[in-house]
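As provided, start-v1.txt (compact mmCIF, C-alpha atoms) reads as follows.
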# COMPACT_ATOMS: atom_id res chain seq x y z
CA LEU A 1 36.04 -0.27 26.08
CA PRO A 2 33.64 -2.13 28.40
CA GLU A 3 30.52 -1.36 26.34
CA VAL A 4 31.57 -0.70 22.77
CA ARG A 5 29.36 1.57 20.69
CA ILE A 6 29.13 2.56 17.05
CA SER A 7 30.87 5.83 17.89
CA ASP A 8 33.94 3.83 19.02
CA ASN A 9 34.44 2.64 15.45
CA GLY A 10 37.70 3.81 13.86
CA PRO A 11 41.54 3.76 14.15
CA TYR A 12 43.43 3.58 17.45
CA GLU A 13 47.15 4.27 17.93
CA CYS A 14 49.62 3.35 20.67
CA HIS A 15 52.88 5.32 21.00
CA VAL A 16 55.89 4.16 23.04
CA GLY A 17 58.65 6.71 23.75
CA ILE A 18 60.94 8.37 26.29
CA TYR A 19 61.19 11.87 27.63
CA ASP A 20 64.60 13.57 27.25
CA ARG A 21 65.09 15.80 30.29
CA ALA A 22 67.91 17.74 28.62
CA THR A 23 65.96 18.84 25.61
CA ARG A 24 62.58 18.40 27.24
CA GLU A 25 61.37 16.68 24.13
CA LYS A 26 59.55 13.42 23.75
CA VAL A 27 61.25 10.89 21.53
CA VAL A 28 58.99 8.26 20.03
CA LEU A 29 60.72 4.92 19.82
CA ALA A 30 57.80 2.89 18.38
CA SER A 31 54.16 3.15 17.48
CA GLY A 32 51.38 0.89 16.34
CA ASN A 33 47.80 1.24 15.22
CA VAL A 34 44.70 -0.86 14.84
CA ILE A 35 41.32 -0.23 13.28
CA LEU A 36 38.34 -1.18 15.41
CA ASN A 37 35.41 -2.25 13.27
CA VAL A 38 32.24 -2.16 15.35
CA MET A 39 29.29 -4.15 14.01
CA ALA A 40 25.71 -3.53 15.01
CA PRO A 41 22.64 -5.60 14.14
CA PRO A 42 19.65 -3.92 12.46
CA THR A 43 17.17 -2.51 14.93
CA SER A 44 14.06 -2.34 12.73
CA ILE A 45 12.62 -3.83 9.57
CA SER A 46 9.36 -2.96 7.83
CA VAL A 47 7.62 -3.69 4.53
CA LEU A 48 5.64 -0.94 2.84
CA ALA A 49 3.77 -0.52 -0.43
CA ALA A 50 5.07 2.23 -2.69
CA ASP A 51 2.77 4.91 -4.09
CA THR A 52 -0.16 4.24 -1.76
CA PRO A 53 -3.03 4.66 -1.46
CA ALA A 54 -3.60 3.77 -5.10
CA PRO A 55 -6.78 2.94 -7.04
CA PHE A 56 -7.84 -0.37 -8.46
CA SER A 57 -7.41 -0.81 -12.22
CA ARG A 58 -10.18 -2.66 -14.05
CA TYR A 59 -8.84 -2.84 -17.58
CA GLN A 60 -5.16 -1.93 -17.38
CA ALA A 61 -2.29 -3.84 -15.82
CA GLN A 62 -0.29 -1.86 -13.32
CA ASN A 63 3.09 -2.31 -11.69
CA PHE A 64 3.25 -2.86 -7.95
CA THR A 65 6.24 -2.26 -5.68
CA LEU A 66 7.02 -3.48 -2.19
CA VAL A 67 9.65 -1.57 -0.24
CA CYS A 68 11.64 -3.15 2.59
CA VAL A 69 13.34 -0.66 4.93
CA VAL A 70 16.04 -1.92 7.30
CA SER A 71 17.54 0.54 9.80
CA GLY A 72 20.18 0.56 12.51
CA GLY A 73 22.67 -1.97 11.12
CA LYS A 74 26.40 -1.80 10.39
CA PRO A 75 27.65 -2.91 7.94
CA ALA A 76 24.88 -2.93 5.36
CA PRO A 77 22.74 -6.08 5.63
CA LEU A 78 21.81 -8.59 2.94
CA VAL A 79 18.12 -8.13 2.06
CA TYR A 80 15.95 -10.51 0.02
CA PHE A 81 12.26 -11.27 -0.54
CA LYS A 82 10.19 -14.43 -0.28
CA ARG A 83 6.71 -15.29 -1.54
CA ASP A 84 4.69 -17.82 0.45
CA GLY A 85 7.91 -18.90 2.14
CA GLU A 86 9.87 -19.49 -1.07
CA PRO A 87 12.76 -17.23 -2.17
CA ILE A 88 11.92 -15.04 -5.15
CA GLU A 89 14.21 -15.15 -8.16
CA ALA A 90 14.30 -11.53 -9.26
CA THR A 91 16.10 -9.65 -11.99
CA PRO A 92 18.46 -7.00 -10.58
CA LEU A 93 17.33 -3.52 -11.44
CA PRO A 94 20.11 -0.91 -11.25
CA GLU A 95 17.87 1.99 -12.23
CA PRO A 96 14.35 2.94 -11.04
CA PRO A 97 11.52 1.38 -13.07
CA ALA A 98 10.42 4.81 -14.31
CA GLY A 99 13.70 5.20 -16.18
CA ALA A 100 13.11 2.22 -18.42
CA SER A 101 11.11 2.91 -21.56
CA SER A 102 9.72 -0.64 -21.68
CA TRP A 103 8.71 -0.65 -18.02
CA ALA A 104 5.26 0.97 -18.31
CA PRO A 105 2.52 -1.62 -18.91
CA ARG A 106 0.36 -1.34 -21.98
CA ASN A 107 -3.35 -0.78 -21.77
CA LEU A 108 -5.32 -3.98 -21.93
CA LEU A 109 -8.37 -2.11 -23.12
CA HIS A 110 -7.87 1.08 -25.11
CA ARG A 111 -11.17 2.58 -24.02
CA ASP A 112 -12.42 3.98 -20.74
CA LEU A 113 -15.53 1.89 -20.34
CA ASP A 114 -17.96 1.43 -17.53
CA ASP A 115 -18.51 -2.13 -16.23
CA THR A 116 -21.96 -2.32 -17.78
CA LYS A 117 -20.60 -1.44 -21.24
CA VAL A 118 -18.31 -4.44 -21.62
CA PRO A 119 -19.98 -7.12 -23.76
CA LYS A 120 -19.90 -10.36 -21.81
CA SER A 121 -19.56 -12.40 -24.97
CA LEU A 122 -16.45 -10.46 -25.93
CA ALA A 123 -14.87 -10.88 -22.51
CA ALA A 124 -15.74 -14.56 -22.41
CA ASP A 125 -14.02 -15.14 -25.74
CA GLY A 126 -10.82 -13.67 -24.36
CA GLU A 127 -10.64 -10.90 -26.96
CA VAL A 128 -10.46 -7.96 -24.58
CA GLY A 129 -7.09 -6.53 -23.69
CA MET A 130 -4.50 -8.62 -25.48
CA GLY A 131 -1.72 -6.21 -24.51
CA ASN A 132 1.42 -7.69 -22.96
CA PRO A 133 2.61 -5.81 -19.86
CA PHE A 134 5.55 -8.14 -19.29
CA PRO A 135 8.92 -7.24 -20.81
CA THR A 136 9.40 -10.75 -22.15
CA ALA A 137 9.21 -12.45 -25.50
CA ASP A 138 6.52 -14.87 -24.33
CA PRO A 139 3.09 -13.19 -24.41
CA PRO A 140 0.23 -14.39 -22.20
CA ARG A 141 -1.62 -17.26 -23.81
CA GLY A 142 -5.05 -15.78 -23.21
CA LEU A 143 -7.43 -14.19 -20.80
CA ALA A 144 -9.74 -15.79 -18.29
CA ALA A 145 -13.48 -15.48 -18.73
CA GLU A 146 -15.13 -12.48 -17.14
CA ARG A 147 -16.25 -12.92 -13.56
CA ASP A 148 -19.60 -11.58 -12.45
CA SER A 149 -19.51 -9.27 -9.46
CA VAL A 150 -20.28 -10.80 -6.09
CA THR A 151 -23.01 -9.07 -4.09
CA GLU A 152 -23.65 -9.43 -0.37
CA SER A 153 -26.66 -7.79 1.25
CA ILE A 154 -26.87 -6.64 4.85
CA PRO A 155 -29.56 -4.43 6.44
CA GLU A 156 -29.50 -0.91 4.95
CA THR A 157 -26.08 -1.59 3.42
CA VAL A 158 -25.18 -3.24 0.13
CA VAL A 159 -21.64 -4.48 -0.43
CA SER A 160 -20.41 -5.37 -3.91
CA ARG A 161 -16.90 -6.53 -4.79
CA GLU A 162 -15.22 -5.99 -8.10
CA PHE A 163 -12.52 -7.98 -9.89
CA PRO A 164 -10.44 -7.14 -12.96
CA ARG A 165 -11.66 -8.22 -16.38
CA TRP A 166 -8.28 -9.66 -17.29
CA VAL A 167 -5.82 -12.20 -15.97
CA HIS A 168 -2.29 -13.12 -17.04
CA MET A 169 -1.48 -16.74 -17.69
CA ALA A 170 2.31 -16.24 -17.50
CA GLU A 171 4.36 -16.32 -14.33
CA PRO A 172 5.22 -12.85 -12.98
CA ILE A 173 8.65 -11.39 -13.61
CA TYR A 174 10.09 -9.76 -10.50
CA TYR A 175 12.58 -6.90 -10.48
CA PHE A 176 14.79 -6.25 -7.46
CA ARG A 177 16.66 -3.11 -6.48
CA HIS A 178 18.85 -2.63 -3.42
CA THR A 179 20.29 0.63 -2.10
CA HIS A 180 21.84 1.71 1.18
CA ALA A 181 22.75 5.10 2.63
CA PRO A 182 24.87 6.06 5.65
CA VAL A 183 23.18 7.62 8.66
CA SER A 184 24.68 10.28 10.91
CA ASP A 185 25.06 7.81 13.81
CA GLY A 186 27.36 5.58 11.75
CA THR A 187 24.77 2.96 10.85
CA VAL A 188 23.36 2.20 7.42
CA GLU A 189 19.76 2.35 6.20
CA ALA A 190 19.08 -0.26 3.54
CA ARG A 191 16.14 -0.16 1.13
CA ALA A 192 15.15 -3.03 -1.11
CA THR A 193 12.35 -2.86 -3.66
CA LEU A 194 10.50 -5.69 -5.38
CA THR A 195 8.48 -4.69 -8.46
CA TRP A 196 6.29 -6.76 -10.74
CA THR A 197 3.12 -6.47 -12.84
CA LEU A 198 0.32 -7.08 -10.39
CA ASN A 199 -2.23 -9.80 -11.09
CA PRO A 200 -5.05 -9.49 -8.54
CA GLN A 201 -6.40 -12.92 -9.45
CA ILE A 202 -3.32 -14.72 -8.10
CA ASP A 203 -1.65 -12.03 -5.97
CA ASN A 204 -4.63 -11.48 -3.71
CA GLU A 205 -3.90 -13.12 -0.32
CA ALA A 206 -0.28 -13.85 -1.30
CA LEU A 207 2.21 -13.66 1.58
CA PHE A 208 5.37 -11.65 0.93
CA SER A 209 8.21 -11.47 3.42
CA CYS A 210 11.41 -9.45 3.57
CA GLU A 211 14.33 -11.16 5.29
CA VAL A 212 17.66 -9.77 6.43
CA LYS A 213 20.95 -11.54 7.02
CA HIS A 214 23.68 -9.74 8.99
CA PRO A 215 26.96 -10.88 10.60
CA ALA A 216 25.78 -9.51 13.96
CA LEU A 217 22.58 -11.60 13.83
CA SER A 218 22.43 -15.24 14.86
CA MET A 219 19.31 -15.75 12.71
CA PRO A 220 17.60 -13.70 9.98
CA MET A 221 15.21 -10.87 10.80
CA GLN A 222 12.00 -10.74 8.84
CA SER A 223 8.85 -8.73 8.28
CA GLU A 224 5.90 -9.97 6.28
CA VAL A 225 2.72 -8.66 4.69
CA THR A 226 -0.23 -10.30 2.98
CA LEU A 227 -1.67 -8.58 -0.09
CA VAL A 228 -5.41 -8.39 0.47
CA ALA A 229 -8.20 -6.54 -1.31
CA PRO A 230 -10.73 -4.67 0.86
CA LYS A 231 -13.75 -6.73 1.79
CA GLY A 232 -16.83 -6.03 3.87
CA PRO A 233 -16.31 -2.45 5.06
CA LYS A 234 -17.86 -1.70 8.46
CA ILE A 235 -19.73 1.60 8.28
CA THR A 236 -21.15 3.48 11.24
CA MET A 237 -23.40 6.53 11.23
CA THR A 238 -23.68 9.01 14.07
CA PRO A 239 -26.07 9.95 15.39
CA THR A 240 -27.86 6.65 14.88
CA ARG A 241 -31.16 8.54 14.75
CA ALA A 242 -30.54 11.68 12.71
CA ARG A 243 -32.94 14.60 12.94
CA VAL A 244 -33.31 17.67 10.76
CA GLY A 245 -30.46 20.07 11.47
CA ASP A 246 -28.11 17.46 12.91
CA THR A 247 -24.54 16.95 11.70
CA VAL A 248 -24.26 13.38 10.43
CA ARG A 249 -20.96 11.54 10.26
CA ILE A 250 -20.62 8.37 8.19
CA LEU A 251 -17.36 6.58 8.95
CA VAL A 252 -15.57 3.48 7.71
CA GLN A 253 -14.34 1.85 10.93
CA GLY A 254 -12.67 -1.16 9.39
CA PHE A 255 -13.10 -4.28 7.29
CA GLN A 256 -13.93 -7.93 7.76
CA ASN A 257 -10.29 -8.68 6.94
CA GLU A 258 -6.85 -7.12 7.27
CA VAL A 259 -6.35 -4.98 4.16
CA PHE A 260 -2.95 -4.29 2.58
CA PRO A 261 -1.96 -1.98 1.04
CA GLU A 262 -3.86 0.93 2.53
CA PRO A 263 -7.13 1.47 0.66
CA LEU A 264 -8.37 4.62 -1.01
CA PHE A 265 -11.84 5.82 0.09
CA THR A 266 -14.25 7.80 -2.10
CA TRP A 267 -17.79 8.88 -1.14
CA THR A 268 -20.55 9.71 -3.61
CA ARG A 269 -24.30 10.22 -3.42
CA VAL A 270 -26.36 7.95 -5.62
CA GLY A 271 -28.27 9.94 -8.21
CA SER A 272 -27.19 13.38 -7.02
CA ARG A 273 -24.40 15.51 -5.68
CA LEU A 274 -23.28 15.64 -2.07
CA LEU A 275 -24.71 18.17 0.35
CA ASP A 276 -21.88 20.65 -0.27
CA GLY A 277 -22.41 20.46 -4.04
CA SER A 278 -19.34 18.35 -4.80
CA ALA A 279 -19.49 15.20 -6.89
CA GLU A 280 -17.36 13.12 -4.51
CA HIS A 281 -15.42 13.23 -1.27
CA ASP A 282 -12.15 11.47 -0.46
CA GLY A 283 -11.40 10.05 2.98
CA LYS A 284 -12.67 7.51 5.50
CA GLU A 285 -15.35 9.87 6.85
CA LEU A 286 -18.18 11.76 5.19
CA VAL A 287 -19.61 14.68 7.18
CA LEU A 288 -23.07 16.06 6.36
CA GLU A 289 -23.61 19.29 8.27
CA ARG A 290 -27.09 20.46 9.28
CA VAL A 291 -28.93 17.88 7.22
CA PRO A 292 -32.25 19.07 5.70
CA ALA A 293 -35.42 16.99 5.50
CA GLU A 294 -34.84 16.60 1.75
CA LEU A 295 -32.00 14.15 2.45
CA ASN A 296 -34.36 11.64 3.99
CA GLY A 297 -33.95 8.37 2.10
CA SER A 298 -30.83 9.49 0.24
CA MET A 299 -28.30 6.76 -0.58
CA TYR A 300 -24.53 7.15 -0.20
CA ARG A 301 -21.85 5.02 -1.77
CA CYS A 302 -18.40 4.44 -0.27
CA THR A 303 -15.85 2.95 -2.66
CA ALA A 304 -12.87 1.37 -0.94
CA GLN A 305 -10.14 0.22 -3.31
CA ASN A 306 -6.52 -0.77 -3.47
CA PRO A 307 -4.55 -2.31 -6.35
CA LEU A 308 -5.91 -5.78 -5.40
CA GLY A 309 -9.60 -4.95 -5.73
CA SER A 310 -12.51 -2.63 -5.12
CA THR A 311 -15.66 -2.81 -3.04
CA ASP A 312 -18.71 -0.54 -2.94
CA THR A 313 -20.80 -0.10 0.18
CA HIS A 314 -24.15 1.69 0.14
CA THR A 315 -25.91 3.09 3.17
CA ARG A 316 -29.17 4.99 3.42
CA LEU A 317 -29.74 8.13 5.48
CA ILE A 318 -33.02 8.37 7.37
CA VAL A 319 -33.80 11.88 8.62
CA PHE A 320 -36.48 12.31 11.31
CA GLU A 321 -38.37 15.46 12.16
CA ASN A 322 -36.88 17.80 14.72
CA PRO A 323 -39.46 19.18 17.16
CA ASN A 324 -37.21 22.17 17.77
CA ILE A 325 -37.34 23.19 14.10
CA PRO A 326 -40.82 23.89 12.68
CA ARG A 327 -41.60 22.41 9.30
CA GLY A 328 -40.50 24.48 6.35
CA GLN A 329 -37.93 26.48 8.33
CA GLU A 330 -34.99 24.10 8.09
CA ASP A 331 -32.00 25.24 6.06
CA SER A 332 -32.26 23.24 2.87
CA ASN A 333 -28.75 24.38 1.86
CA GLY A 334 -27.19 22.68 4.87

Could you show the structure in this file as structure tokens?
Amino acid sequence: LPEVRISDNGPYECHVGIYDRATREKVVLASGNVILNVMAPPTSISVLAADTPAPFSRYQAQNFTLVCVVSGGKPAPLVYFKRDGEPIEATPLPEPPAGASSWAPRNLLHRDLDDTKVPKSLAADGEVGMGNPFPTADPPRGLAAERDSVTESIPETVVSREFPRWVHMAEPIYYFRHTHAPVSDGTVEARATLTWTLNPQIDNEALFSCEVKHPALSMPMQSEVTLVAPKGPKITMTPTRARVGDTVRILVQGFQNEVFPEPLFTWTRVGSRLLDGSAEHDGKELVLERVPAELNGSMYRCTAQNPLGSTDTHTRLIVFENPNIPRGQEDSNG
């Protein structure tokens, strides 16, 4: 076998015998067998966030799960996680988190309140949200004081970032689950999950890596991600000079930083409904077809959020007259 492959894996037999010319039968005198175990190193490794895109939670703790997928190896590899270069001590989790009755975090604030309705004095005293989302006997010692939102102004666009009104003082408890399944080509796909109660205050910009050890590898494979909240969305509008009757596209082209996990985008119009009559629109792009003159000066908000944080970006639409459309004849319904 000059170039052994996974398909060559399995038992091999060698038979030694003679051929009896009289009876024309083969007589086996001896036989032997050997099992060839072909190893193959993993060919790919990736780290994903489960259940994404997901919104940001202001007043309620939420669980967060990283999934490490390792493909192409045989036998199954050893998979483990690190945080900021240090191995994570995690509690083995034989069943999915949803199966455990104590797994769901408790609400930290048992009311659905807007940001402006939270008394600052109450938040500063640490009396908001004393629920304990950790399945441990040691409750958090208290809550950090409320942080005011940070606002950055740029021409025609206002960016505001939002942080949770709670923070846990206890160290996170990690839960680890490892599964592997055979693939038709003889290799094994391994999946490892790391789950904990997310704390955006300390988990934002934390580096998580998934590493793999395998007998066919001379050194571990790894893939890493940095948990980052969206910051400074870059919004473009085409055409740059919109006229009555034009189709305007407002698009989020990126951020000032690398964002992980994938953010969720929601568009709204400040003080009114969108052109099609809906209250909001999901997606990176907002399309306004055949804009009427009445939209001149209208303000649009794009909310980009992931479990680490949320940011609002506002942009104003300026609609110029169209010499090809006489005044009063534009389609105000779009």

With a distance cut-off of 9 Å and only C-alpha atoms, select the neighbouring residues of Gly10 of chain A, excluding the residue or stretch itself and same-chain residues fewer than 4 positions from it, and output the selection as an NGL selection string. :A and (34-38)

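The smallest atom-to-atom distance between Asn306 of chain A and any of A:Asp51, A:Asp276, A:Glu285, A:Glu13, using all atoms listed in the file, is found for A:Asp51.
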
Give me, as a PyMOL selection string, all polymer residues having an atom no more than 6 Å from Ala192 of chain A, counting only C-alpha atoms and skipping those fewer than 2 positions away in the same chain. chain A and resi 67-68+177-178

Got time to write the residues from that selection, C-alpha atoms, as an mmCIF file, in the frame of the given file?
data_model
loop_
_atom_site.group_PDB
_atom_site.id
_atom_site.type_symbol
_atom_site.label_atom_id
_atom_site.label_comp_id
_atom_site.auth_asym_id
_atom_site.auth_seq_id
_atom_site.Cartn_x
_atom_site.Cartn_y
_atom_site.Cartn_z
ATOM 1 C CA VAL A 67 9.650 -1.570 -0.240
ATOM 2 C CA CYS A 68 11.640 -3.150 2.590
ATOM 3 C CA ARG A 177 16.660 -3.110 -6.480
ATOM 4 C CA HIS A 178 18.850 -2.630 -3.420
#

Which residues come within 10 Å of Lys234 of chain A, counting only C-alpha atoms, excluding same-chain residues fewer than 5 positions away, as a list in words?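 The neighbour list is Thr157, Leu251, Val252, Gln253, Gly254, Phe255, Gln256 and Thr313 of chain A.
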
Identify the residues around (-30.1, 10.9, 0.4) within a radius of 7 Å, measuring from only C-alpha atoms in the coordinates stated by the file, and give them as a PyMOL selection string. chain A and resi 269+295-300+316-317

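We find atom CA of Asn199 of chain A and atom CA of Asn63 of chain A to be spaced 9.2 Å apart.
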
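Closest to Trp267 of chain A among A:Arg241, A:His314, A:Arg290, A:Lys82 is A:His314, based on all atoms listed in the file.
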
Just to confirm, what's the straight-line distance from atom CA of Glu294 of chain A to atom CA of Val319 of chain A in Å (one decimal)? 8.4 Å

Can you tell me, as a list in words, what residues are no more than 12 Å from Met221 of chain A when counting all atoms listed in the file, ignoring any on the same chain fewer than 2 positions away?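 The contact residues come out as Pro41, Pro42, Thr43, Ser44, Ile45, Ser46, Cys68, Val69, Val70, Ser71, Gly73, Pro77, Leu78, Val79, Tyr80, Phe81, Ser209, Cys210, Glu211, Val212, Lys213, His214, Pro215, Ala216, Leu217, Ser218, Met219, Ser223 and Glu224 of chain A.
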